[in-house]
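Visitor: Structure file target_28.pdb (PDB, N, CA and C atoms and all ligand atoms) is given on the next line.
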```pdb
ATOM      1  N   MET A   1       0.840  -1.214   0.000
ATOM      2  CA  MET A   1       0.000   0.000   0.000
ATOM      3  C   MET A   1       0.864   1.248   0.000
ATOM      4  N   HIS A   2       0.477   2.232  -0.795
ATOM      5  CA  HIS A   2       1.255   3.469  -0.868
ATOM      6  C   HIS A   2       1.164   4.266   0.438
ATOM      7  N   ALA A   3       2.203   5.028   0.698
ATOM      8  CA  ALA A   3       2.235   5.829   1.918
ATOM      9  C   ALA A   3       1.072   6.818   1.959
ATOM     10  N   SER A   4       0.706   7.336   0.794
ATOM     11  CA  SER A   4      -0.388   8.304   0.760
ATOM     12  C   SER A   4      -1.722   7.646   1.111
ATOM     13  N   GLN A   5      -1.864   6.382   0.691
ATOM     14  CA  GLN A   5      -3.077   5.637   1.030
ATOM     15  C   GLN A   5      -3.126   5.350   2.530
ATOM     16  N   LEU A   6      -1.997   4.915   3.053
ATOM     17  CA  LEU A   6      -1.899   4.639   4.486
ATOM     18  C   LEU A   6      -2.269   5.883   5.282
ATOM     19  N   ASP A   7      -1.766   7.007   4.822
ATOM     20  CA  ASP A   7      -2.018   8.264   5.487
ATOM     21  C   ASP A   7      -3.513   8.578   5.490
ATOM     22  N   HIS A   8      -4.140   8.272   4.359
ATOM     23  CA  HIS A   8      -5.570   8.500   4.193
ATOM     24  C   HIS A   8      -6.356   7.671   5.209
ATOM     25  N   PHE A   9      -6.033   6.386   5.322
ATOM     26  CA  PHE A   9      -6.752   5.509   6.241
ATOM     27  C   PHE A   9      -6.441   5.856   7.699
ATOM     28  N   LYS A  10      -5.219   6.280   7.929
ATOM     29  CA  LYS A  10      -4.849   6.694   9.280
ATOM     30  C   LYS A  10      -5.719   7.881   9.717
ATOM     31  N   ARG A  11      -5.924   8.811   8.776
ATOM     32  CA  ARG A  11      -6.772   9.967   9.098
ATOM     33  C   ARG A  11      -8.204   9.535   9.380
ATOM     34  N   LEU A  12      -8.725   8.607   8.548
ATOM     35  CA  LEU A  12     -10.086   8.097   8.756
ATOM     36  C   LEU A  12     -10.221   7.476  10.148
ATOM     37  N   LEU A  13      -9.207   6.681  10.525
ATOM     38  CA  LEU A  13      -9.239   5.989  11.814
ATOM     39  C   LEU A  13      -9.177   6.986  12.971
ATOM     40  N   LEU A  14      -8.302   7.977  12.847
ATOM     41  CA  LEU A  14      -8.156   8.960  13.918
ATOM     42  C   LEU A  14      -9.426   9.783  14.071
ATOM     43  N   GLU A  15     -10.079  10.087  12.941
ATOM     44  CA  GLU A  15     -11.329  10.847  12.967
ATOM     45  C   GLU A  15     -12.405  10.066  13.718
ATOM     46  N   LYS A  16     -12.531   8.790  13.362
ATOM     47  CA  LYS A  16     -13.540   7.935  13.991
ATOM     48  C   LYS A  16     -13.239   7.754  15.472
ATOM     49  N   GLN A  17     -11.964   7.599  15.779
ATOM     50  CA  GLN A  17     -11.552   7.419  17.165
ATOM     51  C   GLN A  17     -11.933   8.646  17.999
ATOM     52  N   ARG A  18     -11.720   9.827  17.420
ATOM     53  CA  ARG A  18     -12.040  11.065  18.132
ATOM     54  C   ARG A  18     -13.552  11.172  18.328
ATOM     55  N   GLU A  19     -14.278  10.808  17.276
ATOM     56  CA  GLU A  19     -15.744  10.857  17.320
ATOM     57  C   GLU A  19     -16.270   9.983  18.464
ATOM     58  N   LEU A  20     -15.749   8.764  18.557
ATOM     59  CA  LEU A  20     -16.196   7.827  19.587
ATOM     60  C   LEU A  20     -15.767   8.295  20.976
ATOM     61  N   SER A  21     -14.572   8.827  21.087
ATOM     62  CA  SER A  21     -14.080   9.295  22.377
ATOM     63  C   SER A  21     -14.909  10.476  22.866
ATOM     64  N   ASP A  22     -15.292  11.354  21.948
ATOM     65  CA  ASP A  22     -16.129  12.498  22.304
ATOM     66  C   ASP A  22     -17.463  12.023  22.840
ATOM     67  N   LEU A  23     -18.044  11.029  22.180
ATOM     68  CA  LEU A  23     -19.342  10.501  22.582
ATOM     69  C   LEU A  23     -19.283   9.921  23.987
ATOM     70  N   THR A  24     -18.312   9.060  24.232
ATOM     71  CA  THR A  24     -18.232   8.421  25.537
ATOM     72  C   THR A  24     -17.845   9.443  26.598
ATOM     73  N   GLY A  25     -17.018  10.406  26.246
ATOM     74  CA  GLY A  25     -16.638  11.450  27.187
ATOM     75  C   GLY A  25     -17.837  12.265  27.627
ATOM     76  N   GLU A  26     -18.665  12.641  26.669
ATOM     77  CA  GLU A  26     -19.851  13.441  26.962
ATOM     78  C   GLU A  26     -20.837  12.639  27.806
ATOM     79  N   ALA A  27     -21.010  11.364  27.457
ATOM     80  CA  ALA A  27     -21.946  10.503  28.185
ATOM     81  C   ALA A  27     -21.500  10.348  29.630
ATOM     82  N   GLY A  28     -20.196  10.285  29.843
ATOM     83  CA  GLY A  28     -19.673  10.116  31.192
ATOM     84  C   GLY A  28     -20.094  11.236  32.111
ATOM     85  N   ILE A  29     -20.164  12.446  31.592
ATOM     86  CA  ILE A  29     -20.537  13.605  32.400
ATOM     87  C   ILE A  29     -22.006  13.521  32.823
ATOM     88  N   ARG A  30     -22.828  12.940  31.952
ATOM     89  CA  ARG A  30     -24.257  12.919  32.227
ATOM     90  C   ARG A  30     -24.688  11.775  33.146
ATOM     91  N   VAL A  31     -23.786  10.881  33.479
ATOM     92  CA  VAL A  31     -24.139   9.801  34.403
ATOM     93  C   VAL A  31     -24.381  10.401  35.785
ATOM     94  N   PRO A  32     -25.574  10.189  36.349
ATOM     95  CA  PRO A  32     -25.875  10.784  37.652
ATOM     96  C   PRO A  32     -25.028  10.180  38.760
ATOM     97  N   ALA A  33     -24.742  10.998  39.757
ATOM     98  CA  ALA A  33     -23.932  10.529  40.881
ATOM     99  C   ALA A  33     -24.708   9.505  41.692
ATOM    100  N   ALA A  34     -24.030   8.492  42.171
ATOM    101  CA  ALA A  34     -24.686   7.425  42.935
ATOM    102  C   ALA A  34     -25.218   7.965  44.250
ATOM    103  N   GLY A  35     -26.425   7.528  44.622
ATOM    104  CA  GLY A  35     -26.990   7.895  45.918
ATOM    105  C   GLY A  35     -27.687   9.254  45.938
ATOM    106  N   GLY A  36     -27.630   9.971  44.860
ATOM    107  CA  GLY A  36     -28.224  11.302  44.846
ATOM    108  C   GLY A  36     -29.618  11.336  44.246
ATOM    109  N   LEU A  37     -30.290  10.192  44.194
ATOM    110  CA  LEU A  37     -31.579  10.135  43.521
ATOM    111  C   LEU A  37     -32.657   9.548  44.426
ATOM    112  N   ARG A  38     -33.878  10.101  44.286
ATOM    113  CA  ARG A  38     -35.000   9.604  45.091
ATOM    114  C   ARG A  38     -36.263   9.558  44.238
ATOM    115  N   GLY A  39     -37.200   8.692  44.630
ATOM    116  CA  GLY A  39     -38.535   8.675  44.041
ATOM    117  C   GLY A  39     -38.562   8.416  42.554
ATOM    118  N   ASP A  40     -39.335   9.251  41.842
ATOM    119  CA  ASP A  40     -39.613   9.013  40.429
ATOM    120  C   ASP A  40     -38.355   9.046  39.562
ATOM    121  N   SER A  41     -37.370   9.776  39.997
ATOM    122  CA  SER A  41     -36.200   9.961  39.144
ATOM    123  C   SER A  41     -35.343   8.697  39.052
ATOM    124  N   VAL A  42     -35.554   7.758  39.965
ATOM    125  CA  VAL A  42     -34.740   6.542  39.975
ATOM    126  C   VAL A  42     -34.925   5.760  38.679
ATOM    127  N   GLU A  43     -36.204   5.645  38.277
ATOM    128  CA  GLU A  43     -36.490   4.872  37.078
ATOM    129  C   GLU A  43     -35.818   5.495  35.854
ATOM    130  N   GLU A  44     -35.898   6.787  35.789
ATOM    131  CA  GLU A  44     -35.297   7.523  34.677
ATOM    132  C   GLU A  44     -33.774   7.319  34.670
ATOM    133  N   ALA A  45     -33.207   7.379  35.858
ATOM    134  CA  ALA A  45     -31.761   7.215  35.984
ATOM    135  C   ALA A  45     -31.346   5.814  35.568
ATOM    136  N   ASP A  46     -32.174   4.838  35.923
ATOM    137  CA  ASP A  46     -31.884   3.461  35.535
ATOM    138  C   ASP A  46     -31.841   3.325  34.028
ATOM    139  N   ALA A  47     -32.821   3.937  33.371
ATOM    140  CA  ALA A  47     -32.878   3.865  31.916
ATOM    141  C   ALA A  47     -31.633   4.501  31.318
ATOM    142  N   GLU A  48     -31.220   5.602  31.919
ATOM    143  CA  GLU A  48     -30.049   6.290  31.395
ATOM    144  C   GLU A  48     -28.778   5.470  31.618
ATOM    145  N   ALA A  49     -28.693   4.852  32.807
ATOM    146  CA  ALA A  49     -27.526   4.020  33.106
ATOM    147  C   ALA A  49     -27.452   2.854  32.130
ATOM    148  N   GLU A  50     -28.611   2.321  31.805
ATOM    149  CA  GLU A  50     -28.667   1.204  30.870
ATOM    150  C   GLU A  50     -28.157   1.644  29.496
ATOM    151  N   LEU A  51     -28.546   2.845  29.124
ATOM    152  CA  LEU A  51     -28.115   3.388  27.836
ATOM    153  C   LEU A  51     -26.596   3.549  27.819
ATOM    154  N   GLN A  52     -26.042   4.009  28.925
ATOM    155  CA  GLN A  52     -24.585   4.177  29.012
ATOM    156  C   GLN A  52     -23.887   2.841  28.814
ATOM    157  N   ILE A  53     -24.447   1.809  29.455
ATOM    158  CA  ILE A  53     -23.840   0.485  29.347
ATOM    159  C   ILE A  53     -23.871   0.018  27.894
ATOM    160  N   ARG A  54     -25.022   0.251  27.247
ATOM    161  CA  ARG A  54     -25.142  -0.153  25.836
ATOM    162  C   ARG A  54     -24.125   0.581  24.989
ATOM    163  N   LEU A  55     -23.970   1.874  25.243
ATOM    164  CA  LEU A  55     -23.011   2.682  24.482
ATOM    165  C   LEU A  55     -21.611   2.101  24.621
ATOM    166  N   HIS A  56     -21.261   1.761  25.864
ATOM    167  CA  HIS A  56     -19.916   1.244  26.096
ATOM    168  C   HIS A  56     -19.725  -0.118  25.452
ATOM    169  N   GLN A  57     -20.797  -0.903  25.461
ATOM    170  CA  GLN A  57     -20.687  -2.238  24.886
ATOM    171  C   GLN A  57     -20.449  -2.177  23.382
ATOM    172  N   THR A  58     -21.074  -1.194  22.737
ATOM    173  CA  THR A  58     -20.910  -1.134  21.292
ATOM    174  C   THR A  58     -19.636  -0.378  20.909
ATOM    175  N   ASP A  59     -19.311   0.666  21.660
ATOM    176  CA  ASP A  59     -18.157   1.487  21.298
ATOM    177  C   ASP A  59     -16.839   0.872  21.741
ATOM    178  N   GLY A  60     -16.856   0.130  22.824
ATOM    179  CA  GLY A  60     -15.621  -0.433  23.356
ATOM    180  C   GLY A  60     -14.855  -1.258  22.337
ATOM    181  N   PRO A  61     -15.490  -2.308  21.808
ATOM    182  CA  PRO A  61     -14.793  -3.143  20.822
ATOM    183  C   PRO A  61     -14.369  -2.371  19.582
ATOM    184  N   LEU A  62     -15.190  -1.410  19.166
ATOM    185  CA  LEU A  62     -14.860  -0.630  17.975
ATOM    186  C   LEU A  62     -13.629   0.237  18.231
ATOM    187  N   LEU A  63     -13.605   0.869  19.408
ATOM    188  CA  LEU A  63     -12.438   1.684  19.755
ATOM    189  C   LEU A  63     -11.168   0.837  19.785
ATOM    190  N   ARG A  64     -11.317  -0.387  20.333
ATOM    191  CA  ARG A  64     -10.155  -1.284  20.376
ATOM    192  C   ARG A  64      -9.715  -1.674  18.971
ATOM    193  N   ALA A  65     -10.711  -1.939  18.096
ATOM    194  CA  ALA A  65     -10.389  -2.318  16.720
ATOM    195  C   ALA A  65      -9.668  -1.178  16.005
ATOM    196  N   ILE A  66     -10.084   0.061  16.309
ATOM    197  CA  ILE A  66      -9.438   1.227  15.699
ATOM    198  C   ILE A  66      -8.006   1.352  16.206
ATOM    199  N   GLU A  67      -7.822   1.148  17.512
ATOM    200  CA  GLU A  67      -6.465   1.211  18.072
ATOM    201  C   GLU A  67      -5.572   0.133  17.462
ATOM    202  N   ASP A  68      -6.131  -1.067  17.303
ATOM    203  CA  ASP A  68      -5.380  -2.163  16.680
ATOM    204  C   ASP A  68      -4.966  -1.794  15.260
ATOM    205  N   ALA A  69      -5.913  -1.208  14.516
ATOM    206  CA  ALA A  69      -5.633  -0.847  13.126
ATOM    207  C   ALA A  69      -4.531   0.210  13.056
ATOM    208  N   LEU A  70      -4.576   1.171  13.980
ATOM    209  CA  LEU A  70      -3.528   2.199  14.018
ATOM    210  C   LEU A  70      -2.171   1.559  14.342
ATOM    211  N   GLY A  71      -2.200   0.542  15.196
ATOM    212  CA  GLY A  71      -0.977  -0.183  15.523
ATOM    213  C   GLY A  71      -0.424  -0.892  14.298
ATOM    214  N   ARG A  72      -1.331  -1.454  13.482
ATOM    215  CA  ARG A  72      -0.890  -2.153  12.266
ATOM    216  C   ARG A  72      -0.308  -1.175  11.252
ATOM    217  N   ILE A  73      -0.846   0.056  11.231
ATOM    218  CA  ILE A  73      -0.270   1.075  10.344
ATOM    219  C   ILE A  73       1.172   1.355  10.762
ATOM    220  N   ARG A  74       1.399   1.464  12.070
ATOM    221  CA  ARG A  74       2.756   1.718  12.570
ATOM    222  C   ARG A  74       3.683   0.554  12.252
ATOM    223  N   GLN A  75       3.145  -0.670  12.307
ATOM    224  CA  GLN A  75       3.980  -1.850  12.071
ATOM    225  C   GLN A  75       4.121  -2.182  10.589
ATOM    226  N   GLY A  76       3.343  -1.490   9.757
ATOM    227  CA  GLY A  76       3.425  -1.734   8.320
ATOM    228  C   GLY A  76       2.646  -2.953   7.857
ATOM    229  N   THR A  77       1.711  -3.436   8.679
ATOM    230  CA  THR A  77       0.920  -4.601   8.283
ATOM    231  C   THR A  77      -0.536  -4.234   8.015
ATOM    232  N   TYR A  78      -0.819  -2.945   7.963
ATOM    233  CA  TYR A  78      -2.198  -2.515   7.761
ATOM    234  C   TYR A  78      -2.697  -2.911   6.365
ATOM    235  N   GLY A  79      -3.950  -3.380   6.304
ATOM    236  CA  GLY A  79      -4.546  -3.733   5.016
ATOM    237  C   GLY A  79      -4.314  -5.178   4.621
ATOM    238  N   VAL A  80      -3.596  -5.927   5.478
ATOM    239  CA  VAL A  80      -3.359  -7.342   5.209
ATOM    240  C   VAL A  80      -4.314  -8.148   6.086
ATOM    241  N   CYS A  81      -5.006  -9.110   5.476
ATOM    242  CA  CYS A  81      -5.988  -9.904   6.202
ATOM    243  C   CYS A  81      -5.316 -10.742   7.289
ATOM    244  N   GLY A  82      -5.867 -10.678   8.518
ATOM    245  CA  GLY A  82      -5.324 -11.453   9.629
ATOM    246  C   GLY A  82      -5.667 -12.931   9.540
ATOM    247  N   GLY A  83      -6.598 -13.280   8.653
ATOM    248  CA  GLY A  83      -7.010 -14.668   8.518
ATOM    249  C   GLY A  83      -6.222 -15.416   7.461
ATOM    250  N   CYS A  84      -6.121 -14.824   6.257
ATOM    251  CA  CYS A  84      -5.504 -15.554   5.148
ATOM    252  C   CYS A  84      -4.322 -14.818   4.532
ATOM    253  N   GLY A  85      -4.067 -13.580   4.951
ATOM    254  CA  GLY A  85      -2.881 -12.875   4.489
ATOM    255  C   GLY A  85      -2.995 -12.140   3.163
ATOM    256  N   VAL A  86      -4.177 -12.137   2.552
ATOM    257  CA  VAL A  86      -4.329 -11.390   1.308
ATOM    258  C   VAL A  86      -4.454  -9.900   1.630
ATOM    259  N   HIS A  87      -4.227  -9.061   0.620
ATOM    260  CA  HIS A  87      -4.430  -7.636   0.807
ATOM    261  C   HIS A  87      -5.922  -7.332   0.731
ATOM    262  N   ILE A  88      -6.431  -6.699   1.768
ATOM    263  CA  ILE A  88      -7.850  -6.338   1.803
ATOM    264  C   ILE A  88      -8.085  -5.223   0.787
ATOM    265  N   SER A  89      -9.174  -5.321   0.026
ATOM    266  CA  SER A  89      -9.440  -4.330  -1.015
ATOM    267  C   SER A  89      -9.635  -2.945  -0.392
ATOM    268  N   THR A  90      -9.161  -1.929  -1.108
ATOM    269  CA  THR A  90      -9.279  -0.568  -0.569
ATOM    270  C   THR A  90     -10.744  -0.144  -0.488
ATOM    271  N   ILE A  91     -11.581  -0.750  -1.329
ATOM    272  CA  ILE A  91     -13.016  -0.437  -1.262
ATOM    273  C   ILE A  91     -13.567  -0.859   0.095
ATOM    274  N   ARG A  92     -13.156  -2.055   0.530
ATOM    275  CA  ARG A  92     -13.589  -2.563   1.837
ATOM    276  C   ARG A  92     -13.000  -1.706   2.961
ATOM    277  N   LEU A  93     -11.751  -1.319   2.808
ATOM    278  CA  LEU A  93     -11.105  -0.503   3.838
ATOM    279  C   LEU A  93     -11.740   0.887   3.923
ATOM    280  N   GLU A  94     -12.183   1.392   2.779
ATOM    281  CA  GLU A  94     -12.869   2.693   2.788
ATOM    282  C   GLU A  94     -14.137   2.602   3.632
ATOM    283  N   ALA A  95     -14.845   1.465   3.509
ATOM    284  CA  ALA A  95     -16.108   1.283   4.216
ATOM    285  C   ALA A  95     -15.876   0.957   5.691
ATOM    286  N   VAL A  96     -14.867   0.112   5.951
ATOM    287  CA  VAL A  96     -14.573  -0.325   7.323
ATOM    288  C   VAL A  96     -13.064  -0.241   7.547
ATOM    289  N   PRO A  97     -12.536   0.977   7.780
ATOM    290  CA  PRO A  97     -11.069   1.153   7.841
ATOM    291  C   PRO A  97     -10.393   0.354   8.951
ATOM    292  N   TRP A  98     -11.157  -0.052   9.976
ATOM    293  CA  TRP A  98     -10.543  -0.754  11.116
ATOM    294  C   TRP A  98     -10.601  -2.273  10.966
ATOM    295  N   THR A  99     -11.091  -2.758   9.815
ATOM    296  CA  THR A  99     -11.216  -4.203   9.662
ATOM    297  C   THR A  99      -9.846  -4.874   9.581
ATOM    298  N   HIS A 100      -9.786  -6.089  10.075
ATOM    299  CA  HIS A 100      -8.539  -6.857  10.032
ATOM    300  C   HIS A 100      -8.748  -8.133   9.212
ATOM    301  N   HIS A 101      -9.877  -8.191   8.494
ATOM    302  CA  HIS A 101     -10.168  -9.394   7.720
ATOM    303  C   HIS A 101     -10.769  -9.041   6.370
ATOM    304  N   CYS A 102     -10.404  -9.833   5.361
ATOM    305  CA  CYS A 102     -11.006  -9.668   4.052
ATOM    306  C   CYS A 102     -12.458 -10.160   4.121
ATOM    307  N   ARG A 103     -13.193  -9.873   3.072
ATOM    308  CA  ARG A 103     -14.607 -10.213   3.080
ATOM    309  C   ARG A 103     -14.823 -11.724   3.278
ATOM    310  N   GLU A 104     -14.007 -12.533   2.625
ATOM    311  CA  GLU A 104     -14.166 -13.985   2.706
ATOM    312  C   GLU A 104     -13.981 -14.483   4.146
ATOM    313  N   CYS A 105     -12.921 -14.014   4.800
ATOM    314  CA  CYS A 105     -12.659 -14.462   6.170
ATOM    315  C   CYS A 105     -13.739 -13.949   7.126
ATOM    316  N   LYS A 106     -14.183 -12.733   6.892
ATOM    317  CA  LYS A 106     -15.220 -12.149   7.741
ATOM    318  C   LYS A 106     -16.493 -12.988   7.650
ATOM    319  N   GLU A 107     -16.837 -13.391   6.433
ATOM    320  CA  GLU A 107     -18.051 -14.159   6.250
ATOM    321  C   GLU A 107     -17.895 -15.554   6.839
ATOM    322  N   ARG A 108     -16.713 -16.095   6.735
ATOM    323  CA  ARG A 108     -16.469 -17.416   7.304
ATOM    324  C   ARG A 108     -16.570 -17.363   8.838
ATOM    325  N   ARG A 109     -16.048 -16.272   9.427
ATOM    326  CA  ARG A 109     -16.066 -16.151  10.879
ATOM    327  C   ARG A 109     -17.471 -15.944  11.416
ATOM    328  N   SER A 110     -18.297 -15.190  10.709
ATOM    329  CA  SER A 110     -19.632 -14.906  11.208
ATOM    330  C   SER A 110     -20.635 -15.971  10.802
ATOM    331  N   ALA A 111     -20.228 -16.909   9.957
ATOM    332  CA  ALA A 111     -21.148 -17.952   9.500
ATOM    333  C   ALA A 111     -21.334 -19.011  10.589
TER
HETATM  334 ZN    ZN A 201      -8.805 -13.327   4.530
END
```
Rewrite the coordinates I just gave you, this time as C-alpha cells.

Guide:
Amino acid sequence: MHASQLDHFKRLLLEKQRELSDLTGEAGIRVPAAGGLRGDSVEEADAEAELQIRLHQTDGPLLRAIEDALGRIRQGTYGVCGGCGVHISTIRLEAVPWTHHCRECKERRSA
C-alpha cells in the first residue's frame, strides 16, 4: 500500500476514534452521581444508566479495533488480512477502515 493511502486511512481511523471518544466522554458527564436520587427519578436514571452500558458495549470493541488498526499502520501490516494474508481491497477498507479481515474471512467467521 502506498504511503499516501496509508495516510488517508490513518486519518479516517483517527477521525472515527475522536468521534467515539467524544461521545463516551460526553456521556460520562451525564451519568448521575450514585446515591443522589429519590422517588420518580430513579427509574429515569436506571434507563439512562442502561443506555450508558449499551453505548460502552458497542463502542468499546470498535475503539479497540481502531487502536489495533492504528498499531498495524505503525507496524506496516495494515490492510493485510489477519485470517488468510491477502491484501484487503481498498473499497472494503474505505467502508470499514478498522477491519482486520477480508470479506471472505469475515463471512467465514460470522457464518
Ligand atoms: Zn482473509

Visitor: Each residue of chain A lying at most 5 Å from ligand ZN 201 (chain A) should get a row with its shortest atom-to-atom pair and the distance in Å to one decimal, counting only N, CA and C atoms and all ligand atoms; could you produce that, ordered by chain and increasing number, as CSV?

Guide:
```
residue,atom,partner,partner_atom,distance
A:Cys81,CA,A:ZN201,ZN,4.7
A:Gly83,C,A:ZN201,ZN,4.4
A:Cys84,N,A:ZN201,ZN,3.5
A:Gly85,N,A:ZN201,ZN,4.8
A:Cys102,N,A:ZN201,ZN,3.9
A:Cys105,N,A:ZN201,ZN,4.2
```

Visitor: State, in Å with one decimal place, the distance from atom N of Thr77 in chain A to atom C of Arg103 in chain A.

Guide: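 Separation between atom N of Thr77 in chain A and atom C of Arg103 in chain A: 19.3 Å.
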
Visitor: Using all atoms listed in the file, which residue out of A:Leu12, A:Arg74, A:Leu62, A:His101 lies closest to Ser89 in chain A?

Guide: A:His101

Visitor: Could you work out how far atom C of Leu70 in chain A lies from atom C of Met1 in chain A, giving the answer in Å with one decimal?

Guide: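 Distance between the two atoms: 14.7 Å.
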
Visitor: CA of Gly60 in chain A to CA of Asp22 in chain A: how many Å, to one decimal?

Guide: 13.0 Å

Visitor: Around all of range 70-73 of chain A's listed atoms, make the axis-aligned box with 3 Å on each side and tell me centre and edge lengths in Å to one decimal, as AutoDock Vina command-line options.

Guide:
```
--center_x -1.7 --center_y 0.0 --center_z 12.9 --size_x 11.7 --size_y 10.4 --size_z 11.2
```

Visitor: For Val80 in chain A, which residue out of A:Thr99, A:Leu6, A:Glu67, A:Gln17 is the nearest one, using only N, CA and C atoms?

Guide: A:Thr99
